[in-house]
Amino acid sequence: MQPLLDVQELSGAAMSAAIVLAKEAGFAGLLVSDRQAAELGDAAQTKASDGQRGEPSDAASVRWVRCAMALAPQTRRESRWGPVLQAAGRAGARGIVLQTAPMARGSNGEQWASQLSGALARLAADAQGLNLRVLIENGGGSPLARNLWHVMEQLPFGQAGVCWNALTGWKAGQTPQIALPMLGRRIELVVLRDCSGQDAQPVPLGSGVIPVQTHLHLLKGIGFTGDLAVSSAADWSAAQAILEPPAPKAPAKAPRPAAARA
């Protein structure tokens, strides 16, 4: 799996420093917000217009753009998603990540999932025209794996993908033992953060309530080869230690008795 640095909560000088350090620390790319993608895309265009196109960059590249706007069944081709897709394209992203809108009161669950699938298919088609992928994330109107599955099962495999957010799943009471095998090869991105129990404050990976080891072992077990977004280089080191624990040292050989050496 490829490590990404999640910089969605950073801004200004802190973000500029993070995206440079991300490349130095070996991250494959960045997970950014749609606002950050627009800023980075505009900066890239300005740089290109100044004749700096093609120069090597000392900053990590954008991999996924997480959108604040949710997908609703009413989504049409001529919608507000156009500027979001264009910003992601200018930023050089692989695609966008979004949640689904909550189900309307009085709606039938199966009908709602079918309508969401139609909206997702239309959005994925528009994204494909810009060489972008679309992932739906657990949360919003689809907090559980089964909610995502009901939407995804109505699409041809590969038309869109899934982002699994471990923290959101924990808050919804979803166990990774159910979620990850259920969604399987549809998962293209996992966002892995840890938090304290009562106030849900961020803590170093593996020191809080999120079952980090379980997530990573299950991902390895289902053959996950996608992207894993973490919040720091230290968190990625912690994940690596779980995925690839150091080999145990061979026990030292006891010295032979003097009589045996004679």
# chains A, B, ... in the order shown; residues from 1 in each chain; ligands from 1

$ residues_around --residues "Gly95 of chain A" --least-positions-apart "4" --cutoff "10 Å" --atoms "only C-alpha atoms" --output "ChimeraX atom specification"
/A:62-66,85,88-89,124,127-128,130-135

$ write_last_selection --atoms "N, CA, C and O atoms" --output "mmCIF file, in the first residue's frame"
data_model
loop_
_atom_site.group_PDB
_atom_site.id
_atom_site.type_symbol
_atom_site.label_atom_id
_atom_site.label_comp_id
_atom_site.auth_asym_id
_atom_site.auth_seq_id
_atom_site.Cartn_x
_atom_site.Cartn_y
_atom_site.Cartn_z
ATOM 1 N N VAL A 62 -0.505 16.073 -5.216
ATOM 2 C CA VAL A 62 -1.854 15.772 -4.729
ATOM 3 C C VAL A 62 -2.305 14.439 -5.320
ATOM 4 O O VAL A 62 -2.192 14.211 -6.529
ATOM 5 N N ARG A 63 -2.820 13.549 -4.459
ATOM 6 C CA ARG A 63 -3.337 12.264 -4.937
ATOM 7 C C ARG A 63 -4.873 12.264 -4.936
ATOM 8 O O ARG A 63 -5.494 11.883 -5.923
ATOM 9 N N TRP A 64 -5.473 12.674 -3.812
ATOM 10 C CA TRP A 64 -6.938 12.675 -3.704
ATOM 11 C C TRP A 64 -7.412 13.995 -3.129
ATOM 12 O O TRP A 64 -6.749 14.577 -2.269
ATOM 13 N N VAL A 65 -8.580 14.427 -3.592
ATOM 14 C CA VAL A 65 -9.205 15.656 -3.115
ATOM 15 C C VAL A 65 -10.519 15.289 -2.416
ATOM 16 O O VAL A 65 -11.415 14.711 -3.031
ATOM 17 N N ARG A 66 -10.592 15.611 -1.131
ATOM 18 C CA ARG A 66 -11.812 15.303 -0.364
ATOM 19 C C ARG A 66 -12.748 16.506 -0.421
ATOM 20 O O ARG A 66 -12.368 17.624 -0.107
ATOM 21 N N LEU A 85 -14.380 19.171 -9.965
ATOM 22 C CA LEU A 85 -13.608 18.286 -10.830
ATOM 23 C C LEU A 85 -12.487 19.049 -11.537
ATOM 24 O O LEU A 85 -11.357 18.559 -11.659
ATOM 25 N N ALA A 88 -9.671 19.705 -9.120
ATOM 26 C CA ALA A 88 -8.895 18.488 -8.884
ATOM 27 C C ALA A 88 -7.980 18.184 -10.058
ATOM 28 O O ALA A 88 -6.827 17.775 -9.884
ATOM 29 N N GLY A 89 -8.491 18.415 -11.268
ATOM 30 C CA GLY A 89 -7.668 18.191 -12.448
ATOM 31 C C GLY A 89 -6.495 19.141 -12.521
ATOM 32 O O GLY A 89 -5.377 18.728 -12.837
ATOM 33 N N ALA A 124 -19.182 9.945 -12.041
ATOM 34 C CA ALA A 124 -17.995 9.177 -12.432
ATOM 35 C C ALA A 124 -17.721 9.316 -13.923
ATOM 36 O O ALA A 124 -16.561 9.370 -14.345
ATOM 37 N N ALA A 127 -16.128 12.660 -14.413
ATOM 38 C CA ALA A 127 -14.763 12.620 -13.900
ATOM 39 C C ALA A 127 -13.845 11.869 -14.854
ATOM 40 O O ALA A 127 -12.692 12.272 -15.072
ATOM 41 N N GLN A 128 -14.342 10.803 -15.425
ATOM 42 C CA GLN A 128 -13.525 10.009 -16.343
ATOM 43 C C GLN A 128 -13.088 10.838 -17.541
ATOM 44 O O GLN A 128 -11.987 10.664 -18.064
ATOM 45 N N LEU A 130 -12.142 13.721 -17.457
ATOM 46 C CA LEU A 130 -10.996 14.526 -17.019
ATOM 47 C C LEU A 130 -9.887 13.646 -16.451
ATOM 48 O O LEU A 130 -8.978 14.142 -15.781
ATOM 49 N N ASN A 131 -9.982 12.324 -16.711
ATOM 50 C CA ASN A 131 -9.004 11.350 -16.195
ATOM 51 C C ASN A 131 -8.956 11.345 -14.674
ATOM 52 O O ASN A 131 -7.881 11.239 -14.069
ATOM 53 N N LEU A 132 -10.129 11.440 -14.043
ATOM 54 C CA LEU A 132 -10.236 11.428 -12.592
ATOM 55 C C LEU A 132 -11.095 10.260 -12.133
ATOM 56 O O LEU A 132 -11.972 9.784 -12.861
ATOM 57 N N ARG A 133 -10.822 9.801 -10.904
ATOM 58 C CA ARG A 133 -11.620 8.764 -10.266
ATOM 59 C C ARG A 133 -12.550 9.414 -9.238
ATOM 60 O O ARG A 133 -12.288 10.513 -8.744
ATOM 61 N N VAL A 134 -13.620 8.710 -8.891
ATOM 62 C CA VAL A 134 -14.537 9.157 -7.842
ATOM 63 C C VAL A 134 -14.653 8.051 -6.798
ATOM 64 O O VAL A 134 -14.930 6.888 -7.142
ATOM 65 N N LEU A 135 -14.434 8.413 -5.537
ATOM 66 C CA LEU A 135 -14.579 7.482 -4.423
ATOM 67 C C LEU A 135 -15.668 7.995 -3.492
ATOM 68 O O LEU A 135 -15.731 9.192 -3.217
#

$ residues_around --residues "Gly173 of chain A" --least-positions-apart "6" --cutoff "10 Å" --atoms "only C-alpha atoms" --output "list in words"
Pro143, Leu144 and Leu167 of chain A

$ closest_atom_pairs --of "segment 80-177 of chain A" --to "segment 15-35 of chain A" --cutoff "10 Å" --atoms "only C-alpha atoms" --output "CSV"
residue,atom,partner,partner_atom,distance
A:Pro83,CA,A:Asp34,CA,9.9
A:Val84,CA,A:Asp34,CA,6.8
A:Leu85,CA,A:Asp34,CA,9.3
A:Ala87,CA,A:Asp34,CA,7.6
A:Ala88,CA,A:Asp34,CA,7.5
A:Ala91,CA,A:Asp34,CA,9.9
A:Ala93,CA,A:Leu30,CA,8.9
A:Ile96,CA,A:Asp34,CA,8.5
A:Val97,CA,A:Ser33,CA,9.3

$ closest_residue --among "A:Glu110, A:Glu188, A:Asp199, A:Asp194" --to "Asp235 of chain A" --atoms "only C-alpha atoms"
A:Asp194

$ residues_around --residues "Leu180 of chain A" --least-positions-apart "2" --cutoff "8 Å" --atoms "only C-alpha atoms" --output "list in words"
Ala145, Pro176, Gln177, Ile178, Met182, Leu183, Gly184, His215, Leu218 and Leu219 of chain A

$ atom_distance --atom1 "atom CA of Pro102 of chain A" --atom2 "atom CA of Leu5 of chain A"
28.5 Å

$ closest_residue --among "A:Thr100, A:Gln86, A:Asp6, A:Cys163" --to "Ala233 of chain A" --atoms "only C-alpha atoms"
A:Asp6

$ closest_residue --among "A:Arg90, A:Lys171, A:Arg185, A:Arg105" --to "Phe157 of chain A" --atoms "only C-alpha atoms"
A:Arg185
